[in-house]
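As provided, entry-v2.cif (mmCIF, C-alpha atoms) reads as follows.
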```cif
data_structure
#
loop_
_atom_site.label_atom_id
_atom_site.label_comp_id
_atom_site.auth_asym_id
_atom_site.auth_seq_id
_atom_site.Cartn_x
_atom_site.Cartn_y
_atom_site.Cartn_z
CA MET O 14 24.42 -29.80 -3.21
CA ARG O 15 27.47 -27.50 -3.03
CA TYR O 16 30.74 -27.72 -4.93
CA HIS O 17 33.62 -25.25 -4.34
CA GLY O 18 31.16 -22.86 -2.68
CA TYR O 19 28.62 -23.05 -5.53
CA VAL O 20 25.07 -24.40 -5.45
CA LEU O 21 24.43 -27.20 -7.92
CA SER O 22 20.96 -27.79 -9.32
CA PRO O 23 19.46 -31.32 -9.12
CA GLU O 24 19.59 -31.71 -12.92
CA ILE O 25 23.29 -30.87 -13.08
CA VAL O 26 23.97 -33.15 -10.08
CA GLY O 27 22.46 -36.08 -11.97
CA ILE O 28 24.41 -35.35 -15.14
CA SER O 29 27.64 -34.84 -13.20
CA GLN O 30 27.21 -38.13 -11.32
CA TRP O 31 26.55 -40.00 -14.57
CA ILE O 32 29.64 -38.47 -16.23
CA ALA O 33 31.74 -39.26 -13.16
CA GLY O 34 30.53 -42.87 -13.16
CA MET O 35 31.31 -43.36 -16.85
CA LEU O 36 34.74 -41.78 -16.42
CA TRP O 37 35.50 -44.00 -13.45
CA LYS O 38 34.53 -47.15 -15.38
CA TRP O 39 36.69 -46.09 -18.32
CA LEU O 40 39.68 -45.48 -16.08
CA LEU O 41 39.34 -48.84 -14.34
CA ARG O 42 38.86 -50.69 -17.57
CA SER O 43 41.36 -49.26 -19.97
CA GLN O 44 44.01 -47.36 -18.02
CA PRO O 45 44.36 -48.71 -14.46
CA CYS O 46 47.98 -47.63 -14.25
CA ARG O 47 47.13 -44.01 -15.01
CA LEU O 48 44.54 -43.93 -12.27
CA CYS O 49 47.16 -43.69 -9.57
CA SER O 50 48.99 -40.89 -11.34
CA PHE O 51 45.67 -39.12 -11.91
CA ARG O 52 44.96 -39.28 -8.19
CA LYS O 53 48.35 -37.87 -7.37
CA ARG O 54 48.08 -34.99 -9.81
CA GLN O 55 44.50 -34.04 -8.93
CA PRO O 56 45.27 -31.83 -5.88
CA ALA O 57 47.66 -29.81 -8.01
CA LEU O 58 44.91 -28.68 -10.41
CA THR O 59 44.68 -24.89 -10.36
CA CYS O 60 42.13 -24.34 -13.14
CA ARG O 61 38.68 -22.90 -12.35
CA PRO O 62 36.13 -25.63 -11.44
CA PHE O 63 33.73 -26.24 -14.29
CA LEU O 64 30.75 -25.74 -11.93
CA SER O 65 31.70 -22.09 -11.56
CA TYR O 66 30.38 -21.48 -15.07
CA PHE O 67 26.84 -22.21 -13.91
CA PRO O 68 24.62 -19.39 -12.53
CA TYR O 69 23.78 -21.17 -9.26
CA THR O 70 26.01 -19.25 -6.89
CA THR O 71 26.08 -18.75 -3.14
CA ASP O 72 26.24 -15.56 -1.14
CA GLY O 73 29.96 -16.08 -0.98
CA GLY O 74 30.11 -15.99 -4.77
CA GLN O 75 28.23 -12.69 -4.83
CA ARG O 76 30.46 -11.16 -2.19
CA ASN O 77 33.48 -11.83 -4.36
CA ARG O 78 31.95 -9.53 -6.97
CA GLU O 79 30.87 -6.76 -4.59
CA ASN O 80 32.39 -3.31 -4.75
CA ALA O 81 34.78 -3.43 -1.77
CA ARG O 82 34.94 0.36 -1.47
CA THR O 83 31.17 0.62 -1.29
CA VAL O 84 30.97 -2.06 1.39
CA ASP O 85 33.74 -0.41 3.40
CA LYS O 86 32.06 3.02 3.29
CA LEU O 87 28.75 1.53 4.38
CA TYR O 88 30.46 -0.27 7.28
CA ARG O 89 31.92 3.05 8.41
CA LEU O 90 28.40 4.47 8.54
CA SER O 91 27.31 1.52 10.75
CA VAL O 92 25.01 0.20 8.03
CA ASP O 93 23.94 -3.44 8.39
CA ILE O 94 25.34 -4.91 5.15
CA THR O 95 23.52 -8.21 5.65
CA LYS O 96 20.17 -6.42 5.33
CA ILE O 97 21.24 -4.86 2.05
CA ARG O 98 22.49 -8.20 0.73
CA ARG O 99 19.16 -9.78 1.62
CA LEU O 100 16.92 -7.02 0.24
CA LYS O 101 18.73 -5.40 -2.69
CA GLY O 102 22.17 -6.89 -2.98
CA TRP O 103 22.55 -5.65 -6.55
CA VAL O 104 23.52 -2.17 -5.34
CA LEU O 105 26.70 -3.60 -3.83
CA LEU O 106 27.73 -4.84 -7.28
CA GLU O 107 27.54 -1.40 -8.87
CA ASP O 108 30.85 0.12 -9.95
CA LYS O 109 29.77 3.71 -9.30
CA THR O 110 28.16 4.60 -5.96
CA TYR O 111 27.79 7.76 -3.89
CA VAL O 112 27.73 6.54 -0.30
CA GLU O 113 29.56 9.45 1.29
CA GLU O 114 27.82 12.08 -0.82
CA ILE O 115 24.31 10.81 -0.02
CA ALA O 116 25.17 10.51 3.66
CA LYS O 117 26.44 14.11 3.65
CA ILE O 118 23.21 15.42 2.08
CA LEU O 119 21.12 13.61 4.70
CA GLN O 120 23.31 14.93 7.50
CA GLU O 121 23.00 18.49 6.15
CA LEU O 122 19.23 18.10 6.46
CA GLY O 123 19.66 17.15 10.11
CA ALA O 124 19.70 13.35 10.01
CA THR O 125 21.58 11.64 12.83
CA GLU O 126 24.12 8.86 12.21
CA THR O 127 21.53 6.31 13.29
CA ALA O 128 18.93 7.80 10.94
CA VAL O 129 21.38 7.79 8.00
CA ALA O 130 22.19 4.11 8.60
CA SER O 131 18.49 3.24 8.86
CA ILE O 132 17.65 5.09 5.62
CA LEU O 133 20.43 3.35 3.66
CA GLU O 134 19.45 -0.06 5.07
CA ARG O 135 15.80 0.34 4.03
CA CYS O 136 16.52 2.09 0.74
CA PRO O 137 19.99 0.96 -0.41
CA GLU O 138 19.35 2.15 -3.97
CA ALA O 139 19.89 5.66 -2.60
CA ILE O 140 23.65 5.15 -2.96
CA VAL O 141 23.37 4.82 -6.75
CA CYS O 142 21.49 8.12 -7.11
CA SER O 143 23.70 10.96 -8.25
CA PRO O 144 24.15 13.81 -5.72
CA THR O 145 22.93 16.28 -8.36
CA ALA O 146 19.62 14.41 -8.78
CA VAL O 147 19.20 14.07 -5.01
CA ASN O 148 19.81 17.79 -4.46
CA THR O 149 17.22 18.56 -7.16
CA GLN O 150 14.79 16.24 -5.38
CA ARG O 151 15.58 18.02 -2.13
CA LYS O 152 14.61 21.38 -3.64
CA LEU O 153 11.40 19.90 -5.05
CA TRP O 154 10.29 18.50 -1.70
CA GLN O 155 11.18 21.76 0.03
CA LEU O 156 8.45 23.39 -2.09
CA VAL O 157 5.88 21.63 0.10
CA CYS O 158 7.79 21.22 3.38
CA LYS O 159 7.86 24.02 5.95
CA ASN O 160 11.49 23.41 6.90
CA GLU O 161 14.35 20.91 6.69
CA GLN O 162 13.26 19.26 9.93
CA GLU O 163 9.93 18.32 8.36
CA LEU O 164 11.69 17.18 5.18
CA ILE O 165 14.14 14.83 6.89
CA LYS O 166 11.27 13.40 8.94
CA LEU O 167 9.46 12.52 5.70
CA ILE O 168 12.63 11.02 4.22
CA GLU O 169 13.11 8.84 7.31
CA GLN O 170 9.53 7.57 7.00
CA PHE O 171 9.42 7.19 3.21
CA PRO O 172 13.00 6.90 1.87
CA GLU O 173 12.01 5.03 -1.30
CA SER O 174 9.65 7.83 -2.35
CA PHE O 175 12.35 10.46 -1.87
CA PHE O 176 15.06 8.55 -3.72
CA THR O 177 12.85 7.90 -6.76
CA VAL O 178 14.49 10.70 -8.70
CA LYS O 179 12.99 10.29 -12.18
CA ASP O 180 10.66 12.76 -13.97
CA GLN O 181 11.79 15.64 -11.77
CA GLU O 182 10.71 18.40 -14.14
CA THR O 183 7.28 16.79 -14.50
CA ARG O 184 7.02 16.57 -10.71
CA LYS O 185 7.85 20.24 -10.34
CA LEU O 186 5.16 21.28 -12.83
CA ASN O 187 2.58 19.08 -11.08
CA ILE O 188 3.44 20.51 -7.66
CA GLN O 189 2.95 24.02 -9.00
CA PHE O 190 -0.37 23.02 -10.63
CA PHE O 191 -1.71 21.44 -7.42
CA GLN O 192 -0.69 24.49 -5.40
CA GLU O 193 -2.48 26.78 -7.87
CA LEU O 194 -5.52 24.52 -7.58
CA GLY O 195 -5.66 25.23 -3.85
CA LEU O 196 -4.32 22.03 -2.31
CA LYS O 197 -2.41 22.69 0.90
CA ASN O 198 1.26 21.79 1.20
CA VAL O 199 0.55 19.32 4.00
CA VAL O 200 -1.70 17.43 1.57
CA LEU O 201 0.90 17.59 -1.21
CA SER O 202 3.60 16.22 1.09
CA ARG O 203 1.30 13.27 1.77
CA PHE O 204 0.84 12.82 -1.99
CA LEU O 205 4.62 12.78 -2.52
CA THR O 206 5.05 9.94 -0.07
CA THR O 207 1.93 7.81 -0.58
CA ALA O 208 0.63 8.69 -4.05
CA SER O 209 3.79 9.56 -5.95
CA ASN O 210 2.44 8.06 -9.20
CA ILE O 211 0.25 11.07 -9.83
CA PHE O 212 3.36 13.25 -10.10
CA HIS O 213 4.66 11.10 -12.97
CA ASN O 214 1.57 11.97 -15.01
CA PRO O 215 2.17 14.73 -17.56
CA VAL O 216 0.77 17.91 -16.04
CA GLU O 217 -1.62 18.29 -18.99
CA LYS O 218 -3.18 14.90 -18.23
CA ASN O 219 -3.78 15.91 -14.61
CA LYS O 220 -5.33 19.18 -15.79
CA GLN O 221 -7.56 17.27 -18.21
CA MET O 222 -8.76 14.96 -15.42
CA VAL O 223 -9.49 17.89 -13.12
CA ARG O 224 -11.58 19.55 -15.85
CA ALA O 225 -13.47 16.27 -16.40
CA LEU O 226 -14.25 16.03 -12.67
CA GLN O 227 -15.44 19.62 -12.55
CA GLU O 228 -17.68 19.14 -15.58
CA SER O 229 -19.14 15.94 -14.13
CA TYR O 230 -19.98 17.67 -10.87
CA LEU O 231 -21.72 20.52 -12.67
CA SER O 232 -23.55 18.16 -15.06
CA VAL O 233 -25.44 16.47 -12.19
CA GLY O 234 -26.54 19.73 -10.62
CA GLY O 235 -23.58 20.77 -8.51
CA SER O 236 -23.04 24.49 -8.04
CA GLU O 237 -20.02 26.56 -8.99
CA ALA O 238 -19.82 27.81 -5.40
CA ASN O 239 -19.47 24.31 -3.94
CA MET O 240 -17.43 22.78 -6.75
CA LYS O 241 -13.98 23.89 -5.55
CA VAL O 242 -14.58 22.62 -2.02
CA TRP O 243 -15.87 19.30 -3.38
CA LEU O 244 -12.93 18.92 -5.76
CA LEU O 245 -10.28 19.64 -3.11
CA LYS O 246 -11.90 17.19 -0.70
CA LEU O 247 -12.11 14.58 -3.45
CA LEU O 248 -8.42 14.92 -4.36
CA SER O 249 -7.35 15.02 -0.71
CA GLN O 250 -9.15 11.78 0.06
CA ASN O 251 -8.50 9.96 -3.19
CA PRO O 252 -5.67 11.40 -5.32
CA PHE O 253 -5.52 8.18 -7.37
CA ILE O 254 -8.62 9.36 -9.24
CA LEU O 255 -6.14 11.31 -11.40
CA LEU O 256 -4.83 8.00 -12.76
CA ASN O 257 -8.22 7.38 -14.38
CA SER O 258 -9.41 8.69 -17.73
CA PRO O 259 -12.20 11.16 -18.56
CA ALA O 260 -13.92 8.34 -20.51
CA ALA O 261 -14.13 6.21 -17.35
CA ILE O 262 -15.79 9.07 -15.45
CA LYS O 263 -18.36 9.55 -18.20
CA GLU O 264 -19.07 5.80 -18.34
CA THR O 265 -19.71 5.65 -14.58
CA LEU O 266 -22.16 8.56 -14.63
CA GLU O 267 -24.07 7.10 -17.57
CA PHE O 268 -24.27 3.71 -15.83
CA LEU O 269 -25.74 5.22 -12.66
CA GLN O 270 -28.31 7.12 -14.73
CA GLU O 271 -29.26 3.87 -16.48
CA GLN O 272 -29.81 2.31 -13.04
CA GLY O 273 -32.47 4.93 -12.33
CA PHE O 274 -30.49 7.32 -10.12
CA THR O 275 -31.50 10.94 -10.59
CA ASN O 276 -28.91 13.70 -10.95
CA PHE O 277 -29.65 14.81 -7.38
CA GLU O 278 -29.06 11.27 -6.09
CA ILE O 279 -25.84 10.95 -8.09
CA LEU O 280 -24.72 14.25 -6.58
CA GLN O 281 -25.37 12.78 -3.13
CA LEU O 282 -23.25 9.74 -4.02
CA LEU O 283 -20.48 11.98 -5.32
CA SER O 284 -20.47 13.87 -2.04
CA LYS O 285 -20.31 10.70 0.05
CA LEU O 286 -18.10 8.42 -2.04
CA LYS O 287 -15.84 11.20 -3.33
CA GLY O 288 -13.60 9.96 -6.14
CA PHE O 289 -14.14 6.29 -5.33
CA LEU O 290 -17.38 6.47 -7.28
CA PHE O 291 -15.41 7.03 -10.48
CA GLN O 292 -13.23 3.99 -9.84
CA LEU O 293 -16.12 1.54 -9.81
CA CYS O 294 -16.44 -1.08 -12.51
CA PRO O 295 -20.00 -1.00 -13.94
CA ARG O 296 -20.12 -4.80 -14.28
CA SER O 297 -19.06 -5.30 -10.66
CA VAL O 298 -21.56 -2.66 -9.50
CA GLN O 299 -24.35 -4.39 -11.43
CA ASN O 300 -23.52 -7.70 -9.70
CA SER O 301 -23.50 -6.00 -6.29
CA ILE O 302 -26.86 -4.35 -6.95
CA SER O 303 -28.45 -7.65 -8.05
CA PHE O 304 -27.07 -9.50 -5.03
CA SER O 305 -28.18 -6.81 -2.58
CA LYS O 306 -31.67 -6.72 -4.07
CA ASN O 307 -32.06 -10.49 -3.53
CA ALA O 308 -30.39 -10.51 -0.11
CA PHE O 309 -32.57 -7.73 1.29
CA LYS O 310 -35.67 -8.76 -0.66
CA CYS O 311 -36.43 -5.20 -1.69
CA THR O 312 -37.69 -3.26 -4.70
CA ASP O 313 -35.57 -1.06 -6.95
CA HIS O 314 -36.75 2.01 -5.06
CA ASP O 315 -35.92 0.49 -1.67
CA LEU O 316 -32.50 -0.56 -2.89
CA LYS O 317 -31.74 2.97 -4.08
CA GLN O 318 -32.56 4.25 -0.59
CA LEU O 319 -30.18 1.66 0.88
CA VAL O 320 -27.44 2.75 -1.49
CA LEU O 321 -27.96 6.42 -0.68
CA LYS O 322 -27.63 5.62 3.03
CA CYS O 323 -24.62 3.34 2.45
CA PRO O 324 -22.92 4.09 -0.91
CA ALA O 325 -20.28 1.50 -0.06
CA ILE O 326 -22.76 -1.14 -1.26
CA LEU O 327 -21.80 -0.12 -4.79
CA ALA O 328 -18.10 -0.42 -4.05
CA TYR O 329 -18.10 -3.83 -2.35
CA SER O 330 -17.90 -6.98 -4.46
CA VAL O 331 -20.47 -9.76 -4.04
CA PRO O 332 -18.12 -11.98 -1.94
CA VAL O 333 -17.44 -9.07 0.45
CA LEU O 334 -21.13 -8.23 0.81
CA GLU O 335 -22.02 -11.87 1.37
CA GLU O 336 -19.30 -12.26 4.03
CA ARG O 337 -20.43 -9.16 5.91
CA ILE O 338 -24.12 -10.03 5.84
CA GLN O 339 -23.37 -13.57 7.07
CA GLY O 340 -21.17 -12.15 9.83
CA LEU O 341 -24.02 -9.92 11.03
CA LEU O 342 -26.53 -12.76 10.91
CA LYS O 343 -24.21 -14.95 13.04
CA GLU O 344 -24.31 -12.28 15.74
CA GLY O 345 -28.10 -12.48 15.82
CA ILE O 346 -28.70 -9.34 13.77
CA SER O 347 -31.65 -9.58 11.40
CA ILE O 348 -31.99 -8.52 7.76
CA THR O 349 -34.61 -5.98 8.86
CA GLN O 350 -32.11 -4.37 11.24
CA ILE O 351 -29.49 -4.19 8.49
CA ARG O 352 -31.98 -2.53 6.14
CA GLU O 353 -32.74 0.08 8.79
CA ALA O 354 -29.05 0.81 9.37
CA PRO O 355 -27.12 -0.36 6.27
CA MET O 356 -23.97 1.57 7.30
CA VAL O 357 -23.19 -1.45 9.47
CA LEU O 358 -22.06 -3.15 6.25
CA GLU O 359 -18.97 -0.95 6.32
CA LEU O 360 -17.71 -2.94 9.33
CA THR O 361 -15.74 -6.16 8.86
CA PRO O 362 -17.03 -9.34 10.57
CA GLN O 363 -14.12 -9.15 13.02
CA ILE O 364 -15.01 -5.59 14.08
CA VAL O 365 -18.69 -6.52 14.40
CA GLN O 366 -17.87 -9.49 16.60
CA TYR O 367 -15.59 -7.42 18.83
CA ARG O 368 -18.14 -4.63 19.28
CA VAL O 369 -21.06 -6.99 19.93
CA ARG O 370 -19.01 -8.77 22.63
CA LYS O 371 -18.22 -5.46 24.33
CA LEU O 372 -21.85 -4.35 24.29
CA ASN O 373 -23.06 -7.75 25.52
CA ALA O 374 -20.69 -7.47 28.47
CA LEU O 375 -22.68 -4.42 29.60
CA GLY O 376 -25.96 -6.27 29.19
CA TYR O 377 -26.82 -4.43 25.97
CA ARG O 378 -28.39 -6.91 23.57
CA ILE O 379 -27.72 -5.55 20.08
CA LYS O 380 -30.17 -7.91 18.40
CA ASP O 381 -33.01 -6.42 20.43
CA GLY O 382 -32.15 -2.81 19.72
CA HIS O 383 -31.04 -0.43 17.00
CA LEU O 384 -27.67 -0.82 15.29
CA ALA O 385 -26.76 2.84 15.78
CA ASN O 386 -24.57 1.95 18.77
CA LEU O 387 -22.67 -0.55 16.62
CA ASN O 388 -21.94 1.80 13.73
CA GLY O 389 -19.28 4.43 13.29
CA THR O 390 -15.52 4.75 13.43
CA LYS O 391 -13.50 3.33 16.29
CA LYS O 392 -13.52 6.72 18.03
CA GLU O 393 -17.27 7.12 17.58
CA PHE O 394 -17.97 3.62 18.87
CA GLU O 395 -15.80 4.09 21.95
CA ALA O 396 -17.68 7.32 22.73
CA LYS O 397 -21.05 5.54 22.45
CA PHE O 398 -19.76 2.61 24.50
CA GLY O 399 -18.56 4.98 27.21
CA LYS O 400 -21.99 6.59 27.49
CA ILE O 401 -23.72 3.19 27.73
CA GLN O 402 -21.18 2.08 30.33
CA ALA O 403 -21.71 5.23 32.40
CA LYS O 404 -25.48 4.83 32.17
CA THR O 405 -25.27 1.16 33.15
CA GLY O 406 -23.11 1.91 36.19
CA ARG O 407 -25.29 4.80 37.44
CA PRO O 408 -27.13 4.01 40.73
CA LEU O 409 -30.89 3.69 40.66
CA PHE O 410 -31.25 6.46 43.28
CA ASN O 411 -29.01 9.01 44.99
CA PRO O 412 -28.36 7.70 48.52
CA VAL O 413 -27.48 11.14 49.89
CA ALA O 414 -30.46 12.98 48.44
CA PRO O 415 -33.21 13.79 50.99
CA LEU O 416 -36.34 11.68 50.79
CA ASN O 417 -39.65 13.47 50.43
CA VAL O 418 -41.75 11.61 52.98
CA GLU O 419 -45.19 12.87 53.81
CA GLU O 420 -45.80 13.12 57.52
#
```
Kindly return the structure encoded in the file as structure tokens.
Amino acid sequence: MRYHGYVLSPEIVGISQWIAGMLWKWLLRSQPCRLCSFRKRQPALTCRPFLSYFPYTTDGGQRNRENARTVDKLYRLSVDITKIRRLKGWVLLEDKTYVEEIAKILQELGATETAVASILERCPEAIVCSPTAVNTQRKLWQLVCKNEQELIKLIEQFPESFFTVKDQETRKLNIQFFQELGLKNVVLSRFLTTASNIFHNPVEKNKQMVRALQESYLSVGGSEANMKVWLLKLLSQNPFILLNSPAAIKETLEFLQEQGFTNFEILQLLSKLKGFLFQLCPRSVQNSISFSKNAFKCTDHDLKQLVLKCPAILAYSVPVLEERIQGLLKEGISITQIREAPMVLELTPQIVQYRVRKLNALGYRIKDGHLANLNGTKKEFEAKFGKIQAKTGRPLFNPVAPLNVEE
């Protein structure tokens, strides 16, 4: 229910109706003559409606409190104000904003008018960032960007990451540390946009985690010569490992050793799973191991071989493993086939179904063959499918080749 442009909650509606009813009865009973005069004077009331004191307001109520200058400046930049009201309307209520200043900085970097409007629509909190902080952020990001063209492209794709302007000194120290470590700028630019949390870590914590990773690699037989390459690949593929603690890394290694994995086997898992191995929960891994052992009806030794072929078995929860095994069985694939090629468990049931249908269309019956043609990334599968398709469409004999006929 609405009253003078305000939304009234059901509870207040009930109370208001009850009060109105009691007031009406009292007027009719005791002061009938004053009722007429009350009706005549009512339109002349100029006081604020009592419902306006309740927090249930409409968009119209919010607009009355918006900073008119901010709204006007955004309109001039062709920004869709309705999107901002719907997503983060609070920025329009701020007394101090920097619409023109932020737009100017973006334009100096090479952003078009359309790009500026799009950035402010998707990240309206940019207008409450001070120009000084934004310019500092600009200099930080230029440490890893080749030029301003690359920088503005990143801002257009990830405006919220760029306009998160806190902990700038910490970010700078972390960027310098990662560069000294050997990470390429193209990797660091990806970190800034998709893994920005690692830059909020104190640089000493990141250094401590890197030392813990290096020590863990060496403790299971890794060599000094290969350690740097392994570490850079690990961080490139899974930077969130830096959000863990050295204690968690130690706990994971000890758990794998308790499960009977040798140092050499753990080193193999580290090479395949990269940092994801250190993000596993021992209890969840134990459940996955027990389930897999029962599902595949295998010994501890056989299960270890399965895990070494497909380390993802450790990472998947029991419900995920169960869903994927059932999906394979529905397509006519046997447990024996899965044991021979466990990497197929990395595929979702939807992907398995799609690939089996494509192969069946060529007359290739996956349940009668090896699962190698089903495995792999999308690109790898399409390459295998293309070869099967070419082989299937090849004629049985060359009609133009001469026939060797004995006279």
Report as a PyMOL selection string the full result of the PyMOL selection byres ((chain O and resi 175) around 9) when it is applied to this structure. chain O and resi 139+147+150-151+154+167-168+171-174+176-178+205-206
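Each of O:Leu280, O:Ala130, O:Ala238, O:Ile115 was compared to Ser143 in chain O using only C-alpha atoms, and O:Ile115 turns out to be the nearest.
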Report as a PyMOL selection string the residues that result from applying the PyMOL selection byres ((chain O and resi 386-399) around 10) to the structure here. chain O and resi 354-360+364-365+368-369+371-372+375+377+379+382-385+400-405
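Proximity of O:Leu283, O:Val216, O:Cys136, O:Ile338 to Met240 in chain O, computed with all atoms listed in the file, is greatest for O:Leu283.
The nearest approach to Trp103 in chain O among the residues O:Glu169, O:Glu182, O:Glu228, O:Glu79, with all atoms listed in the file taken into account, belongs to O:Glu79.
Interatomic distance, CA of Glu107 in chain O to CA of Leu122 in chain O: 26.2 Å.
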Which of these residues is nearest to Asn198 in chain O, using all atoms listed in the file: O:Val157, O:Leu164, O:Ala225, O:Leu282? O:Val157
Output check: residues returned by the PyMOL selection byres ((chain O and resi 92) around 9), as a ChimeraX atom specification: /O:86-91,93-97,127,129-131,133-134
